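Below: structure-v9.cif (mmCIF, C-alpha atoms and all ligand atoms)
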data_target
loop_
_atom_site.label_atom_id
_atom_site.label_comp_id
_atom_site.auth_asym_id
_atom_site.auth_seq_id
_atom_site.Cartn_x
_atom_site.Cartn_y
_atom_site.Cartn_z
CA MET A 1 0.00 0.00 0.00
CA ILE A 2 1.25 3.47 -0.83
CA PHE A 3 -0.31 5.97 1.51
CA THR A 4 -0.01 9.62 2.15
CA MET A 5 -1.48 11.37 5.10
CA ASP A 6 -1.78 14.76 6.58
CA LEU A 7 0.91 14.45 9.23
CA TYR A 8 -0.51 17.19 11.39
CA HIS A 9 -3.77 18.27 12.77
CA PRO A 10 -4.95 20.97 10.33
CA GLU A 11 -5.26 23.35 13.29
CA LEU A 12 -1.55 22.92 14.06
CA ARG A 13 -0.58 23.63 10.45
CA ASP A 14 -2.82 26.70 10.33
CA TYR A 15 -1.54 27.83 13.73
CA LEU A 16 2.12 27.65 12.62
CA ASP A 17 1.38 29.40 9.32
CA GLY A 18 -0.64 31.98 11.24
CA LEU A 19 2.36 32.91 13.38
CA VAL A 20 4.27 34.10 10.31
CA PRO A 21 3.97 37.89 9.98
CA SER A 22 1.62 38.97 7.20
CA ARG A 23 3.12 39.03 3.75
CA THR A 24 3.23 41.72 1.07
CA GLY A 25 0.52 41.75 -1.59
CA GLU A 26 2.76 40.01 -4.11
CA LEU A 27 3.83 37.22 -1.76
CA SER A 28 0.29 36.57 -0.56
CA ALA A 29 -0.87 36.54 -4.21
CA MET A 30 1.73 33.84 -4.85
CA GLU A 31 0.35 31.84 -1.91
CA ALA A 32 -3.19 32.25 -3.25
CA TYR A 33 -2.11 31.10 -6.71
CA ALA A 34 -0.38 28.03 -5.26
CA LYS A 35 -3.51 27.15 -3.28
CA GLN A 36 -5.76 27.60 -6.27
CA THR A 37 -3.57 25.53 -8.62
CA GLN A 38 -2.31 23.06 -5.98
CA PHE A 39 1.26 24.05 -6.83
CA PRO A 40 3.58 22.64 -4.11
CA ILE A 41 5.27 25.71 -2.63
CA VAL A 42 7.04 25.43 0.72
CA GLY A 43 4.38 27.59 2.38
CA PRO A 44 4.64 30.38 4.97
CA ALA A 45 6.10 28.50 7.98
CA SER A 46 8.87 26.83 5.94
CA GLY A 47 9.46 30.05 3.98
CA GLN A 48 9.93 31.91 7.25
CA LEU A 49 12.36 29.20 8.44
CA CYS A 50 14.40 29.54 5.22
CA TYR A 51 14.44 33.32 5.64
CA GLN A 52 15.43 33.04 9.30
CA ILE A 53 18.32 30.64 8.63
CA ALA A 54 19.65 32.79 5.80
CA ARG A 55 19.47 35.86 8.07
CA MET A 56 21.09 34.01 11.00
CA ILE A 57 24.19 33.08 9.03
CA GLY A 58 24.35 36.35 7.08
CA ALA A 59 23.91 34.53 3.76
CA ARG A 60 24.90 36.55 0.69
CA ARG A 61 25.10 33.64 -1.78
CA VAL A 62 22.18 31.23 -2.07
CA PHE A 63 21.53 28.49 -4.63
CA GLU A 64 18.09 26.92 -5.06
CA LEU A 65 17.48 23.62 -6.83
CA GLY A 66 13.87 23.35 -8.04
CA SER A 67 12.59 26.89 -7.61
CA GLY A 68 9.08 26.71 -9.09
CA PHE A 69 7.51 30.12 -9.73
CA GLY A 70 9.73 31.83 -7.19
CA TYR A 71 7.95 31.61 -3.83
CA SER A 72 10.83 30.07 -1.86
CA THR A 73 13.19 32.29 -3.86
CA ALA A 74 11.37 35.36 -2.54
CA TRP A 75 12.10 34.37 1.08
CA PHE A 76 15.80 33.85 0.35
CA ALA A 77 16.02 37.05 -1.70
CA ARG A 78 14.52 39.00 1.20
CA ALA A 79 17.17 37.60 3.55
CA VAL A 80 20.03 38.31 1.15
CA HIS A 81 18.72 41.84 0.59
CA GLU A 82 18.59 42.46 4.36
CA ASN A 83 22.05 40.91 4.74
CA GLY A 84 23.47 43.62 2.46
CA GLY A 85 22.92 42.14 -0.99
CA GLY A 86 24.27 39.24 -2.99
CA VAL A 87 22.82 36.57 -5.22
CA VAL A 88 20.07 33.97 -5.15
CA HIS A 89 20.10 31.47 -8.01
CA HIS A 90 16.61 30.48 -9.19
CA VAL A 91 16.89 27.22 -11.13
CA VAL A 92 14.07 25.29 -12.72
CA TRP A 93 13.82 23.32 -15.94
CA ASP A 94 10.51 24.86 -16.99
CA GLU A 95 10.66 28.14 -18.94
CA THR A 96 7.12 29.18 -18.04
CA LEU A 97 7.85 28.91 -14.32
CA SER A 98 11.11 30.79 -14.74
CA ASN A 99 9.27 33.63 -16.50
CA MET A 100 6.58 33.70 -13.81
CA ALA A 101 9.30 33.95 -11.16
CA ARG A 102 10.95 36.85 -12.99
CA SER A 103 7.73 38.79 -12.93
CA HIS A 104 6.99 38.08 -9.24
CA LEU A 105 10.51 38.86 -8.05
CA LEU A 106 10.59 42.03 -10.13
CA ALA A 107 7.36 43.12 -8.42
CA LEU A 108 8.99 42.36 -5.06
CA GLY A 109 12.02 44.51 -5.99
CA TYR A 110 14.59 41.69 -6.02
CA GLN A 111 15.60 41.94 -9.69
CA ASP A 112 19.20 42.81 -8.76
CA ILE A 113 19.56 39.77 -6.51
CA VAL A 114 18.00 36.85 -8.36
CA GLN A 115 19.71 35.08 -11.27
CA TYR A 116 17.65 32.76 -13.45
CA THR A 117 18.73 29.50 -15.03
CA ILE A 118 16.48 27.17 -17.03
CA SER A 119 18.16 23.81 -16.62
CA GLU A 120 18.30 20.56 -14.74
CA ALA A 121 19.21 21.92 -11.31
CA VAL A 122 21.98 19.54 -10.16
CA GLU A 123 23.79 20.05 -13.47
CA ALA A 124 23.43 23.82 -13.05
CA LEU A 125 24.91 23.63 -9.55
CA ARG A 126 27.76 21.45 -10.77
CA GLU A 127 28.66 24.09 -13.35
CA VAL A 128 28.37 27.26 -11.25
CA GLU A 129 31.24 28.65 -9.24
CA GLY A 130 30.85 28.15 -5.48
CA PRO A 131 30.95 28.29 -2.62
CA PHE A 132 27.47 29.13 -1.35
CA ASP A 133 26.26 30.04 2.14
CA VAL A 134 22.91 28.28 1.68
CA ILE A 135 21.84 25.61 -0.80
CA PHE A 136 18.14 24.77 -0.88
CA ASN A 137 16.91 21.58 -2.52
CA ASP A 138 13.32 20.99 -3.67
CA ILE A 139 13.77 19.00 -6.90
CA ASP A 140 11.94 15.81 -7.88
CA LYS A 141 12.64 13.36 -5.07
CA PRO A 142 14.37 10.59 -7.09
CA GLY A 143 17.14 13.13 -7.71
CA TYR A 144 17.89 13.74 -4.02
CA PRO A 145 20.64 11.13 -3.35
CA ALA A 146 22.74 12.09 -6.40
CA SER A 147 22.43 15.79 -5.54
CA LEU A 148 24.14 15.36 -2.16
CA PRO A 149 27.84 15.19 -3.18
CA VAL A 150 27.36 18.15 -5.54
CA ILE A 151 25.74 20.21 -2.78
CA HIS A 152 28.48 19.22 -0.34
CA ASP A 153 31.13 20.31 -2.81
CA LYS A 154 29.53 23.73 -3.45
CA LEU A 155 28.62 24.67 0.13
CA ARG A 156 31.10 26.54 2.30
CA SER A 157 32.12 25.13 5.66
CA GLY A 158 29.54 26.41 8.14
CA GLY A 159 27.06 26.80 5.29
CA VAL A 160 23.56 25.33 5.52
CA MET A 161 21.80 22.86 3.26
CA ILE A 162 18.00 23.05 3.50
CA VAL A 163 15.94 20.28 1.89
CA ASP A 164 12.16 20.06 1.66
CA ASN A 165 9.81 17.05 1.95
CA LEU A 166 11.90 14.77 4.15
CA LEU A 167 8.73 13.39 5.80
CA TRP A 168 7.00 12.95 2.40
CA HIS A 169 3.45 13.11 3.76
CA GLY A 170 4.18 10.07 5.92
CA ALA A 171 4.94 7.75 3.00
CA ILE A 172 8.42 7.09 4.38
CA PHE A 173 6.84 5.32 7.37
CA ASP A 174 5.04 2.77 5.18
CA PRO A 175 7.36 -0.23 4.69
CA SER A 176 5.36 -1.39 1.69
CA ASP A 177 5.98 1.90 -0.11
CA VAL A 178 9.01 1.17 -2.26
CA SER A 179 8.26 3.81 -4.91
CA GLU A 180 11.26 5.60 -6.38
CA GLY A 181 10.60 8.93 -4.69
CA THR A 182 10.01 7.43 -1.25
CA GLN A 183 13.09 5.21 -1.48
CA ALA A 184 15.16 8.18 -2.61
CA ILE A 185 14.08 10.25 0.41
CA ARG A 186 14.91 7.36 2.76
CA GLU A 187 18.33 6.97 1.13
CA PHE A 188 19.06 10.71 1.16
CA THR A 189 18.08 10.94 4.85
CA ARG A 190 20.33 7.98 5.70
CA LEU A 191 23.27 9.48 3.78
CA VAL A 192 23.01 12.88 5.47
CA THR A 193 22.33 11.73 9.01
CA GLN A 194 25.10 9.11 8.98
CA ASP A 195 27.76 11.34 7.46
CA PRO A 196 29.76 13.06 10.24
CA SER A 197 30.57 15.96 7.94
CA TRP A 198 26.96 17.16 8.38
CA ILE A 199 25.17 18.34 11.54
CA ALA A 200 21.60 17.55 10.55
CA SER A 201 18.09 17.86 11.96
CA ILE A 202 14.66 17.43 10.43
CA VAL A 203 12.35 20.24 11.49
CA PRO A 204 8.86 18.72 11.37
CA ILE A 205 6.94 21.65 9.98
CA ARG A 206 4.68 21.09 6.96
CA ASP A 207 6.30 18.16 5.07
CA GLY A 208 9.59 18.04 7.03
CA VAL A 209 12.49 20.41 6.37
CA LEU A 210 16.02 19.08 6.71
CA VAL A 211 18.47 21.67 8.05
CA ALA A 212 22.08 20.50 7.78
CA THR A 213 25.24 22.45 8.53
CA LYS A 214 28.44 21.48 6.75
CA ARG A 215 31.26 21.14 9.30
C1 LIG B 1 8.23 21.53 -5.43
S1 LIG B 1 8.37 22.64 -6.76
C2 LIG B 1 9.28 23.99 -6.12
C3 LIG B 1 8.60 24.89 -5.19
C4 LIG B 1 9.47 26.02 -4.73
N1 LIG B 1 10.66 25.55 -4.05
C5 LIG B 1 8.67 26.91 -3.80
O1 LIG B 1 8.51 26.54 -2.64
O2 LIG B 1 8.23 27.94 -4.25
C6 LIG B 1 9.70 21.92 -7.69
C7 LIG B 1 9.92 22.60 -9.03
O3 LIG B 1 11.19 22.22 -9.54
C8 LIG B 1 11.07 21.62 -10.81
N2 LIG B 1 12.06 20.54 -10.83
C9 LIG B 1 11.96 19.32 -10.27
N3 LIG B 1 13.09 18.62 -10.43
C10 LIG B 1 13.95 19.42 -11.09
C11 LIG B 1 15.28 19.27 -11.53
N4 LIG B 1 15.97 18.14 -11.31
N5 LIG B 1 15.86 20.31 -12.17
C12 LIG B 1 15.17 21.46 -12.40
N6 LIG B 1 13.91 21.67 -12.00
C13 LIG B 1 13.29 20.66 -11.35
C14 LIG B 1 9.64 21.14 -10.91
O4 LIG B 1 9.23 21.13 -12.25
C15 LIG B 1 8.91 22.19 -10.08
O5 LIG B 1 8.61 23.33 -10.83
#
Would you mind giving the structure from this file in structure tokens?
Amino acid sequence: MIFTMDLYHPELRDYLDGLVPSRTGELSAMEAYAKQTQFPIVGPASGQLCYQIARMIGARRVFELGSGFGYSTAWFARAVHENGGGVVHHVVWDETLSNMARSHLLALGYQDIVQYTISEAVEALREVEGPFDVIFNDIDKPGYPASLPVIHDKLRSGGVMIVDNLLWHGAIFDPSDVSEGTQAIREFTRLVTQDPSWIASIVPIRDGVLVATKR
């Protein structure tokens, strides 16, 4: 049986999202669009966590793998802007999403910070010059294990890797679920948590956000 479940009581999810300060018109329009189209953005509580981490470590160079229409990018761009400026790489293989992101991030005033690449994201990271302060991963889940050595190579010591969907709607707990995506998340989690070069925790908000510092 392959099952997915809402891991949290809906009131808990709404409570955590409700604690995030209200967003600008553009950012809340992006949230409304995602809700209406069922597009899987990280959502307010995880977006706030990404923003907070990037602010905490003074991130000026951020690379995103699997950026969608720019919602998570907006949180990182805000942090980099407040940290004094720098770059956030928005990378997605879909041109329409890349163009949507350009328009949203222009409206948010982050046009000088965000760089756009239409490409397979791990290949794009492999080719770009590092190191980065934060690398955020939200690509298709079968790609997670192979992305790890590339991320490790491009992250500075003390930098933070943030990875979405490590709880995968509970599917990882179902031993009969041996689908490619679920197996890949299990394997990725094992690789990160057993490698002493990472200090890693899964923060169980929304679908589970891995936060891992490179020693
Ligand atoms: C989960 S959505 C991203 C949501 C985004 N992080 C946010 O919260 O706003 C993942 C996006 O990355 C794209 N994608 C998935 N795997 C990719 C890959 N290996 N390379 C480039 N883009 C990828 C998908 O098509 C989709 O648009």
Margin query: To check your reading of the model: which residues sit at most 6 Å from ligand LIG 1 (chain B) when counting only C-alpha atoms and all ligand atoms? Write the answer as a ChimeraX atom specification.
Written below: /A:40-42,66-72,92-93,119-121,138-140
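The environment of Glu26 in chain A within 8 Å, counting all atoms listed in the file and disregarding residues fewer than 2 places along the same chain, consists of Arg23, Thr24, Ser28, Ala29, Met30, His104, Ala107 and Leu108 of chain A.
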Item checked: Residues within 12 Å of range 175-184 of chain A, all atoms listed in the file, excluding chain neighbours under 5 positions, as a ChimeraX atom specification -> /A:1-4,139-148,165-170,189-191
Item checked: Residue nearest Val80 in chain A - candidates A:Gly130, A:Gly58, A:Pro196, A:Gly47, atoms counted: only C-alpha atoms -> A:Gly58
Item checked: Interatomic distance, CA of Asp133 in chain A to CA of Arg61 in chain A (Å, one decimal) -> 5.4 Å
Next item on the list: Go ahead and compute the interatomic distance for CA of Ile199 in chain A and CA of Met161 in chain A, in Å to one decimal.
Entry: 10.0 Å
Item checked: Straight-line distance linking CA of Ile185 in chain A with CA of Ala171 in chain A, stated in Å to one decimal -> 9.8 Å
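All residues of protein, DNA or RNA that reach within 10 Å of Ala59 in chain A, judged by all atoms listed in the file and not counting those fewer than 4 positions away in the chain, are Tyr51, Ile53, Ala54, Arg55, Phe76, Ala77, Ala79, Val80, His81, Glu82, Asn83, Gly84, Gly85, Gly86, Val87, Val88, Phe132, Asp133, Val134, Gly159 and Val160 of chain A.
Nearest-residue note for Ala124 in chain A: choosing from A:Gln111, A:Asp164, A:Leu155, A:Leu65, the minimum distance belongs to A:Leu65, counting only C-alpha atoms.
Residues having any atom no farther than 7 Å from (25.0, 21.2, -4.7) (counting only C-alpha atoms) are Val122, Leu125, Arg126, Ile135, Ser147, Leu148, Pro149, Val150, Ile151, His152, Asp153, Lys154 and Leu155 of chain A.
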Next item on the list: Using all atoms listed in the file, pick whichever of A:Leu7, A:Val128, A:Ile118, A:Val20 has the shortest atom-to-atom distance to Leu97 in chain A.
Entry: A:Ile118
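Residues surrounding Leu16 in chain A within 12 Å are Tyr8, His9, Pro10, Glu11, Leu12, Val20, Pro21, Gly43, Pro44, Ala45, Ser46, Gly47, Gln48, Leu49, Pro204, Ile205 and Arg206 of chain A [only C-alpha atoms; sequence separation below 4 positions excluded].
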The centre and edge lengths of an axis-aligned box containing all atoms of range 143-154 of chain A present in the file, extended by 5 Å on each side, are to be given in Å to one decimal, as JSON.
{"center_x": 24.1, "center_y": 17.4, "center_z": -4.0, "size_x": 24.0, "size_y": 22.6, "size_z": 17.4}
Repair of range 161-174 of chain A at the level of N, CA, C and O atoms, as a compact mmCIF listing (two decimals), keeping the file's coordinate frame:
# COMPACT_ATOMS: atom_id res chain seq x y z
N MET A 161 22.64 23.49 4.28
CA MET A 161 21.80 22.86 3.26
C MET A 161 20.39 22.73 3.84
O MET A 161 20.21 22.23 4.97
N ILE A 162 19.40 23.17 3.08
CA ILE A 162 18.00 23.05 3.50
C ILE A 162 17.29 22.21 2.43
O ILE A 162 17.42 22.50 1.24
N VAL A 163 16.58 21.18 2.86
CA VAL A 163 15.94 20.28 1.89
C VAL A 163 14.49 20.03 2.31
O VAL A 163 14.21 19.68 3.46
N ASP A 164 13.58 20.19 1.35
CA ASP A 164 12.16 20.06 1.66
C ASP A 164 11.68 18.61 1.50
O ASP A 164 12.32 17.80 0.82
N ASN A 165 10.58 18.30 2.13
CA ASN A 165 9.81 17.05 1.95
C ASN A 165 10.45 15.80 2.53
O ASN A 165 10.23 14.69 2.03
N LEU A 166 11.23 15.95 3.61
CA LEU A 166 11.90 14.77 4.15
C LEU A 166 10.94 13.82 4.88
O LEU A 166 11.30 12.68 5.15
N LEU A 167 9.72 14.29 5.18
CA LEU A 167 8.73 13.39 5.80
C LEU A 167 7.74 12.84 4.75
O LEU A 167 7.04 11.87 5.02
N TRP A 168 7.71 13.47 3.60
CA TRP A 168 7.00 12.95 2.40
C TRP A 168 5.58 12.48 2.74
O TRP A 168 5.19 11.38 2.42
N HIS A 169 4.87 13.35 3.42
CA HIS A 169 3.45 13.11 3.76
C HIS A 169 3.25 11.78 4.49
O HIS A 169 2.19 11.17 4.42
N GLY A 170 4.29 11.32 5.16
CA GLY A 170 4.18 10.07 5.92
C GLY A 170 4.49 8.82 5.12
O GLY A 170 4.56 7.73 5.69
N ALA A 171 4.69 8.95 3.82
CA ALA A 171 4.94 7.75 3.00
C ALA A 171 6.20 7.01 3.42
O ALA A 171 6.27 5.78 3.30
N ILE A 172 7.17 7.74 3.96
CA ILE A 172 8.42 7.09 4.38
C ILE A 172 8.21 6.09 5.52
O ILE A 172 9.04 5.22 5.74
N PHE A 173 7.09 6.23 6.25
CA PHE A 173 6.84 5.32 7.37
C PHE A 173 6.18 4.01 6.92
O PHE A 173 6.01 3.11 7.73
N ASP A 174 5.76 3.94 5.67
CA ASP A 174 5.04 2.77 5.18
C ASP A 174 6.04 1.80 4.54
O ASP A 174 6.54 2.05 3.45
